[in-house]
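Here's structure_25.pdb, which has PDB, C-alpha atoms:
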ATOM      1  CA  MET P   1      -9.849 -37.303   1.159  1.00  0.00           C
ATOM      2  CA  ALA P   2      -6.304 -35.963   1.147  1.00  0.00           C
ATOM      3  CA  ASP P   3      -5.142 -33.947  -1.857  1.00  0.00           C
ATOM      4  CA  HIS P   4      -1.353 -34.239  -1.898  1.00  0.00           C
ATOM      5  CA  SER P   5      -0.999 -32.061  -5.012  1.00  0.00           C
ATOM      6  CA  ILE P   6      -1.309 -29.008  -2.752  1.00  0.00           C
ATOM      7  CA  THR P   7       2.069 -28.165  -1.239  1.00  0.00           C
ATOM      8  CA  PRO P   8       2.859 -25.526   1.388  1.00  0.00           C
ATOM      9  CA  GLU P   9       4.545 -23.450  -1.313  1.00  0.00           C
ATOM     10  CA  ASN P  10       1.837 -23.494  -3.988  1.00  0.00           C
ATOM     11  CA  ASN P  11      -0.885 -23.077  -1.359  1.00  0.00           C
ATOM     12  CA  GLY P  12       1.017 -20.116   0.102  1.00  0.00           C
ATOM     13  CA  MET P  13       1.439 -18.563  -3.344  1.00  0.00           C
ATOM     14  CA  ARG P  14      -2.236 -18.963  -4.224  1.00  0.00           C
ATOM     15  CA  MET P  15      -3.547 -17.689  -0.904  1.00  0.00           C
ATOM     16  CA  GLY P  16      -0.912 -14.933  -0.874  1.00  0.00           C
ATOM     17  CA  ILE P  17      -2.159 -13.663  -4.226  1.00  0.00           C
ATOM     18  CA  ILE P  18      -5.780 -13.764  -3.037  1.00  0.00           C
ATOM     19  CA  THR P  19      -4.815 -11.934   0.159  1.00  0.00           C
ATOM     20  CA  ALA P  20      -2.807  -9.395  -1.849  1.00  0.00           C
ATOM     21  CA  VAL P  21      -5.812  -8.661  -4.070  1.00  0.00           C
ATOM     22  CA  ALA P  22      -7.879  -7.889  -0.958  1.00  0.00           C
ATOM     23  CA  LEU P  23      -5.052  -5.743   0.446  1.00  0.00           C
ATOM     24  CA  MET P  24      -4.620  -3.853  -2.837  1.00  0.00           C
ATOM     25  CA  ALA P  25      -8.359  -3.214  -3.107  1.00  0.00           C
ATOM     26  CA  TYR P  26      -8.428  -1.801   0.419  1.00  0.00           C
ATOM     27  CA  THR P  27      -5.252   0.251  -0.132  1.00  0.00           C
ATOM     28  CA  GLY P  28      -6.611   1.640  -3.392  1.00  0.00           C
ATOM     29  CA  ILE P  29      -9.864   2.650  -1.735  1.00  0.00           C
ATOM     30  CA  ALA P  30      -7.942   4.196   1.184  1.00  0.00           C
ATOM     31  CA  ALA P  31      -5.726   6.167  -1.219  1.00  0.00           C
ATOM     32  CA  LEU P  32      -8.674   7.451  -3.240  1.00  0.00           C
ATOM     33  CA  ALA P  33     -10.627   8.332  -0.083  1.00  0.00           C
ATOM     34  CA  GLY P  34      -7.629  10.223   1.289  1.00  0.00           C
ATOM     35  CA  PHE P  35      -7.067   8.368   4.545  1.00  0.00           C
ATOM     36  CA  LEU P  36      -4.032   6.305   3.541  1.00  0.00           C
ATOM     37  CA  ASP P  37      -1.758   8.710   5.407  1.00  0.00           C
ATOM     38  CA  LYS P  38      -3.491   7.939   8.728  1.00  0.00           C
ATOM     39  CA  ILE P  39      -1.749   5.324  10.829  1.00  0.00           C
ATOM     40  CA  GLU P  40      -5.091   3.722  11.630  1.00  0.00           C
ATOM     41  CA  ALA P  41      -5.496   2.803   7.961  1.00  0.00           C
ATOM     42  CA  GLY P  42      -2.765   0.190   8.359  1.00  0.00           C
ATOM     43  CA  THR P  43      -4.680  -1.659  11.056  1.00  0.00           C
ATOM     44  CA  LEU P  44      -7.155  -3.127   8.592  1.00  0.00           C
ATOM     45  CA  ASP P  45      -4.240  -4.154   6.352  1.00  0.00           C
ATOM     46  CA  ILE P  46      -2.813  -6.191   9.220  1.00  0.00           C
ATOM     47  CA  LEU P  47      -6.198  -7.774   9.961  1.00  0.00           C
ATOM     48  CA  ILE P  48      -6.673  -8.710   6.290  1.00  0.00           C
ATOM     49  CA  LEU P  49      -3.191 -10.274   6.273  1.00  0.00           C
ATOM     50  CA  ILE P  50      -3.905 -12.245   9.465  1.00  0.00           C
ATOM     51  CA  VAL P  51      -7.158 -13.595   7.993  1.00  0.00           C
ATOM     52  CA  GLY P  52      -5.321 -14.579   4.790  1.00  0.00           C
ATOM     53  CA  VAL P  53      -2.607 -16.463   6.691  1.00  0.00           C
ATOM     54  CA  VAL P  54      -5.120 -18.329   8.865  1.00  0.00           C
ATOM     55  CA  MET P  55      -7.238 -19.230   5.826  1.00  0.00           C
ATOM     56  CA  ALA P  56      -4.141 -20.540   4.016  1.00  0.00           C
ATOM     57  CA  ILE P  57      -3.213 -22.815   6.919  1.00  0.00           C
ATOM     58  CA  ARG P  58      -6.803 -23.976   7.260  1.00  0.00           C
ATOM     59  CA  ARG P  59      -7.031 -24.720   3.526  1.00  0.00           C
ATOM     60  CA  PHE P  60      -3.773 -26.663   3.594  1.00  0.00           C
ATOM     61  CA  LYS P  61      -4.828 -28.741   6.602  1.00  0.00           C
ATOM     62  CA  LYS P  62      -8.186 -29.521   4.998  1.00  0.00           C
ATOM     63  CA  SER P  63      -6.464 -30.568   1.753  1.00  0.00           C
ATOM     64  CA  ARG P  64      -4.318 -33.021   3.735  1.00  0.00           C
ATOM     65  CA  GLY P  65      -7.254 -34.734   5.406  1.00  0.00           C
ATOM     66  CA  ASN P  66      -6.749 -32.784   8.661  1.00  0.00           C
ATOM     67  CA  LYS P  67      -3.218 -34.186   9.028  1.00  0.00           C
ATOM     68  CA  MET P  68      -0.228 -31.939   8.487  1.00  0.00           C
ATOM     69  CA  SER P  69       3.142 -31.443  10.045  1.00  0.00           C
ATOM     70  CA  TYR P  70       3.794 -28.346  12.083  1.00  0.00           C
ATOM     71  CA  LEU P  71       6.427 -27.000   9.691  1.00  0.00           C
ATOM     72  CA  GLN P  72       4.229 -27.504   6.629  1.00  0.00           C
ATOM     73  CA  GLY P  73       1.457 -25.405   8.157  1.00  0.00           C
ATOM     74  CA  TYR P  74       3.923 -22.841   9.433  1.00  0.00           C
ATOM     75  CA  GLY P  75       5.568 -22.659   6.009  1.00  0.00           C
ATOM     76  CA  THR P  76       2.318 -22.112   4.144  1.00  0.00           C
ATOM     77  CA  GLY P  77       1.455 -19.226   6.486  1.00  0.00           C
ATOM     78  CA  VAL P  78       4.851 -17.575   6.081  1.00  0.00           C
ATOM     79  CA  VAL P  79       4.812 -17.926   2.280  1.00  0.00           C
ATOM     80  CA  THR P  80       1.294 -16.456   2.176  1.00  0.00           C
ATOM     81  CA  ALA P  81       2.383 -13.422   4.204  1.00  0.00           C
ATOM     82  CA  ILE P  82       5.548 -12.806   2.181  1.00  0.00           C
ATOM     83  CA  VAL P  83       3.771 -13.079  -1.177  1.00  0.00           C
ATOM     84  CA  ALA P  84       0.936 -10.791  -0.054  1.00  0.00           C
ATOM     85  CA  SER P  85       3.367  -8.257   1.444  1.00  0.00           C
ATOM     86  CA  VAL P  86       5.609  -8.110  -1.626  1.00  0.00           C
ATOM     87  CA  LEU P  87       2.624  -7.663  -3.947  1.00  0.00           C
ATOM     88  CA  LEU P  88       1.157  -4.969  -1.678  1.00  0.00           C
ATOM     89  CA  ALA P  89       4.513  -3.154  -1.582  1.00  0.00           C
ATOM     90  CA  GLY P  90       4.653  -3.270  -5.395  1.00  0.00           C
ATOM     91  CA  PHE P  91       1.157  -1.808  -5.536  1.00  0.00           C
ATOM     92  CA  PHE P  92       2.165   0.859  -2.998  1.00  0.00           C
ATOM     93  CA  TRP P  93       5.167   1.789  -5.163  1.00  0.00           C
ATOM     94  CA  LEU P  94       2.898   1.914  -8.210  1.00  0.00           C
ATOM     95  CA  ILE P  95       0.343   4.256  -6.632  1.00  0.00           C
ATOM     96  CA  GLY P  96       3.204   6.302  -5.170  1.00  0.00           C
ATOM     97  CA  GLY P  97       4.639   6.745  -8.648  1.00  0.00           C
ATOM     98  CA  LEU P  98       1.267   7.568 -10.154  1.00  0.00           C
ATOM     99  CA  SER P  99       0.124   9.777  -7.300  1.00  0.00           C
ATOM    100  CA  ASP P 100       1.492  12.992  -8.830  1.00  0.00           C
ATOM    101  CA  GLY P 101      -0.850  12.756 -11.788  1.00  0.00           C
ATOM    102  CA  VAL P 102      -3.662  10.546 -10.594  1.00  0.00           C
ATOM    103  CA  MET P 103      -4.196  10.809  -6.852  1.00  0.00           C
ATOM    104  CA  GLY P 104      -2.764  14.109  -5.764  1.00  0.00           C
ATOM    105  CA  SER P 105       0.549  14.755  -4.109  1.00  0.00           C
ATOM    106  CA  VAL P 106       3.079  12.156  -3.007  1.00  0.00           C
ATOM    107  CA  GLU P 107       3.167  13.740   0.439  1.00  0.00           C
ATOM    108  CA  ARG P 108      -0.276  12.307   1.172  1.00  0.00           C
ATOM    109  CA  ILE P 109       1.023   8.740   1.222  1.00  0.00           C
ATOM    110  CA  GLN P 110       4.445   9.257   2.741  1.00  0.00           C
ATOM    111  CA  ALA P 111       5.028   7.936   6.223  1.00  0.00           C
ATOM    112  CA  ARG P 112       6.563  10.067   8.932  1.00  0.00           C
ATOM    113  CA  ASP P 113       9.209   8.758  11.251  1.00  0.00           C
ATOM    114  CA  LEU P 114       9.346   9.540  14.964  1.00  0.00           C
ATOM    115  CA  PHE P 115      11.401  12.678  14.397  1.00  0.00           C
ATOM    116  CA  GLY P 116       9.100  14.188  11.773  1.00  0.00           C
ATOM    117  CA  ALA P 117      11.150  13.501   8.632  1.00  0.00           C
ATOM    118  CA  ASP P 118       9.259  12.220   5.605  1.00  0.00           C
ATOM    119  CA  LEU P 119      10.062   8.686   4.558  1.00  0.00           C
ATOM    120  CA  GLY P 120      10.006   8.080   0.827  1.00  0.00           C
ATOM    121  CA  ILE P 121       7.802   5.703  -1.124  1.00  0.00           C
ATOM    122  CA  LEU P 122      10.654   3.185  -1.447  1.00  0.00           C
ATOM    123  CA  ILE P 123      11.212   2.982   2.309  1.00  0.00           C
ATOM    124  CA  GLY P 124       7.456   2.814   2.877  1.00  0.00           C
ATOM    125  CA  GLY P 125       7.193  -0.189   0.551  1.00  0.00           C
ATOM    126  CA  LEU P 126      10.116  -1.916   2.240  1.00  0.00           C
ATOM    127  CA  GLY P 127       8.414  -1.257   5.575  1.00  0.00           C
ATOM    128  CA  ILE P 128       5.261  -2.922   4.228  1.00  0.00           C
ATOM    129  CA  ILE P 129       7.275  -6.019   3.306  1.00  0.00           C
ATOM    130  CA  LEU P 130       8.967  -6.131   6.712  1.00  0.00           C
ATOM    131  CA  LEU P 131       5.790  -5.533   8.716  1.00  0.00           C
ATOM    132  CA  GLY P 132       3.766  -7.988   6.648  1.00  0.00           C
ATOM    133  CA  SER P 133       6.400 -10.716   6.819  1.00  0.00           C
ATOM    134  CA  MET P 134       6.826 -10.415  10.570  1.00  0.00           C
ATOM    135  CA  THR P 135       3.057 -10.324  11.080  1.00  0.00           C
ATOM    136  CA  GLY P 136       2.784 -13.501   9.018  1.00  0.00           C
ATOM    137  CA  VAL P 137       5.530 -15.254  10.994  1.00  0.00           C
ATOM    138  CA  ILE P 138       3.920 -14.455  14.337  1.00  0.00           C
ATOM    139  CA  THR P 139       0.406 -15.253  13.088  1.00  0.00           C
ATOM    140  CA  SER P 140       1.602 -18.590  11.691  1.00  0.00           C
ATOM    141  CA  LEU P 141       3.193 -19.520  15.009  1.00  0.00           C
ATOM    142  CA  VAL P 142       0.002 -18.723  16.892  1.00  0.00           C
ATOM    143  CA  ALA P 143      -2.316 -20.310  14.321  1.00  0.00           C
ATOM    144  CA  MET P 144      -0.325 -23.537  14.284  1.00  0.00           C
ATOM    145  CA  GLN P 145      -1.025 -23.978  17.986  1.00  0.00           C
ATOM    146  CA  TYR P 146      -4.668 -24.241  17.002  1.00  0.00           C
ATOM    147  CA  PHE P 147      -4.275 -26.115  13.689  1.00  0.00           C
ATOM    148  CA  LYS P 148      -1.613 -28.659  14.650  1.00  0.00           C
ATOM    149  CA  SER P 149      -2.661 -32.258  14.170  1.00  0.00           C
ATOM    150  CA  PRO P 150      -4.370 -33.920  17.130  1.00  0.00           C
ATOM    151  CA  ASP P 151      -1.820 -36.741  17.050  1.00  0.00           C
ATOM    152  CA  HIS P 152       1.018 -34.269  17.621  1.00  0.00           C
ATOM    153  CA  GLN P 153       2.693 -35.158  20.904  1.00  0.00           C
ATOM    154  CA  PRO P 154       5.395 -33.176  22.671  1.00  0.00           C
ATOM    155  CA  VAL P 155       8.846 -34.752  22.903  1.00  0.00           C
ATOM    156  CA  ALA P 156       9.140 -36.915  26.008  1.00  0.00           C
ATOM    157  CA  SER P 157      11.468 -35.516  28.623  1.00  0.00           C
ATOM    158  CA  LEU P 158      14.754 -37.215  29.313  1.00  0.00           C
ATOM    159  CA  ASP P 159      14.192 -37.325  33.089  1.00  0.00           C
TER     160      ASP P 159
END

Can you present the structure in this file as structure tokens?
Amino acid sequence: MADHSITPENNGMRMGIITAVALMAYTGIAALAGFLDKIEAGTLDILILIVGVVMAIRRFKKSRGNKMSYLQGYGTGVVTAIVASVLLAGFFWLIGGLSDGVMGSVERIQARDLFGADLGILIGGLGIILLGSMTGVITSLVAMQYFKSPDHQPVASLD
């Protein structure tokens, strides 16, 4: 049965928060274990975000009785990614601010650009938002090819 009380926005917010909790738990563990400064540590973040976006689209489609428009599914995926990325960036800024007293030196969680200069915590958090949002956009586009409604037909050509 279709549950029309779930909208792309509130589904995206809810699933974004759940995804962000998983991302924050992983980031916290990575920071405490000392491997947050490794570039490979970000790979699992991206995989967690992709799983969260796909689960959000799947949940929305199921709530609509397996019928949803392309843009509704796409929108719920994008909102999920943006919410999760913003919350993760806030958490990153928080642990960056606390890292002097709690987790060691700030240098451990600073990113390095291609020329070797240290990027600050603020720029790192903004990078998290950008990377997470773009990952969510691309993942939503790909996932909607799988989750689009079976009655979706391409526009007839004008030939």

*Quick one: residues within 12 Å of region 126-137 of chain P, only C-alpha atoms counted, chain neighbours fewer than 5 positions away excluded, as a VMD selection string?*
chain P and resid 12 16 19 to 20 23 27 42 to 43 45 to 57 71 73 to 93 110 to 113 119 to 121 142 to 144

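A straight line drawn from CA of Met24 (chain P) to CA of Phe60 (chain P) is 23.7 Å long.
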
*CA of Ala22 (chain P) to CA of Leu44 (chain P): how many Å, to one decimal?*
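Atom-to-atom, CA of Ala22 (chain P) to CA of Leu44 (chain P), that is 10.7 Å.
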
*I need the residue set behind the PyMOL selection byres ((chain P and resi 7) around 10) for this file; please write it as a PyMOL selection string.*
chain P and resi 3-6+8-13+60+63-64+72-73+75-76

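Take the candidates P:Gly28, P:Glu40, P:Ser69, P:Leu94 and check each one against Gly125 (chain P) using all atoms listed in the file; the shortest distance goes to P:Leu94.
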
Coordinates of box centre and edge lengths for region 35-38 of chain P, 3 Å on every side, axis-aligned, as lines of an AutoDock Vina configuration file:
center_x = -4.4
center_y = 7.5
center_z = 6.1
size_x = 11.3
size_y = 8.4
size_z = 11.2

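With CA of Asp37 (chain P) on one side and CA of Met15 (chain P) on the other, the separation reads 27.2 Å.
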
Starting from the incomplete input, reconstruct N, CA and C atoms of region 128-144 of chain P and write that as a JSON list (two decimals), keeping the file's coordinate frame.
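And here is the file that came out, part.json:
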[["chain", "number", "residue", "atom", "x", "y", "z"],
["P", 128, "ILE", "N", 6.43, -2.05, 4.42],
["P", 128, "ILE", "CA", 5.26, -2.92, 4.23],
["P", 128, "ILE", "C", 5.70, -4.38, 4.16],
["P", 129, "ILE", "N", 6.78, -4.65, 3.42],
["P", 129, "ILE", "CA", 7.28, -6.02, 3.31],
["P", 129, "ILE", "C", 7.73, -6.53, 4.67],
["P", 130, "LEU", "N", 8.47, -5.71, 5.40],
["P", 130, "LEU", "CA", 8.97, -6.13, 6.71],
["P", 130, "LEU", "C", 7.82, -6.36, 7.69],
["P", 131, "LEU", "N", 6.92, -5.41, 7.79],
["P", 131, "LEU", "CA", 5.79, -5.53, 8.72],
["P", 131, "LEU", "C", 4.90, -6.72, 8.36],
["P", 132, "GLY", "N", 4.61, -6.88, 7.08],
["P", 132, "GLY", "CA", 3.77, -7.99, 6.65],
["P", 132, "GLY", "C", 4.41, -9.34, 6.88],
["P", 133, "SER", "N", 5.70, -9.45, 6.61],
["P", 133, "SER", "CA", 6.40, -10.72, 6.82],
["P", 133, "SER", "C", 6.44, -11.08, 8.29],
["P", 134, "MET", "N", 6.76, -10.13, 9.13],
["P", 134, "MET", "CA", 6.83, -10.42, 10.57],
["P", 134, "MET", "C", 5.44, -10.71, 11.15],
["P", 135, "THR", "N", 4.42, -10.03, 10.65],
["P", 135, "THR", "CA", 3.06, -10.32, 11.08],
["P", 135, "THR", "C", 2.69, -11.75, 10.68],
["P", 136, "GLY", "N", 3.07, -12.15, 9.48],
["P", 136, "GLY", "CA", 2.78, -13.50, 9.02],
["P", 136, "GLY", "C", 3.51, -14.56, 9.82],
["P", 137, "VAL", "N", 4.76, -14.30, 10.19],
["P", 137, "VAL", "CA", 5.53, -15.25, 10.99],
["P", 137, "VAL", "C", 4.87, -15.45, 12.35],
["P", 138, "ILE", "N", 4.53, -14.37, 13.01],
["P", 138, "ILE", "CA", 3.92, -14.46, 14.34],
["P", 138, "ILE", "C", 2.53, -15.09, 14.25],
["P", 139, "THR", "N", 1.75, -14.68, 13.25],
["P", 139, "THR", "CA", 0.41, -15.25, 13.09],
["P", 139, "THR", "C", 0.48, -16.75, 12.81],
["P", 140, "SER", "N", 1.45, -17.17, 12.00],
["P", 140, "SER", "CA", 1.60, -18.59, 11.69],
["P", 140, "SER", "C", 1.96, -19.38, 12.93],
["P", 141, "LEU", "N", 2.84, -18.84, 13.76],
["P", 141, "LEU", "CA", 3.19, -19.52, 15.01],
["P", 141, "LEU", "C", 1.97, -19.71, 15.90],
["P", 142, "VAL", "N", 1.19, -18.66, 16.04],
["P", 142, "VAL", "CA", 0.00, -18.72, 16.89],
["P", 142, "VAL", "C", -1.05, -19.64, 16.27],
["P", 143, "ALA", "N", -1.28, -19.50, 14.98],
["P", 143, "ALA", "CA", -2.32, -20.31, 14.32],
["P", 143, "ALA", "C", -1.97, -21.80, 14.35],
["P", 144, "MET", "N", -0.70, -22.13, 14.27],
["P", 144, "MET", "CA", -0.32, -23.54, 14.28],
["P", 144, "MET", "C", -0.56, -24.18, 15.64]]
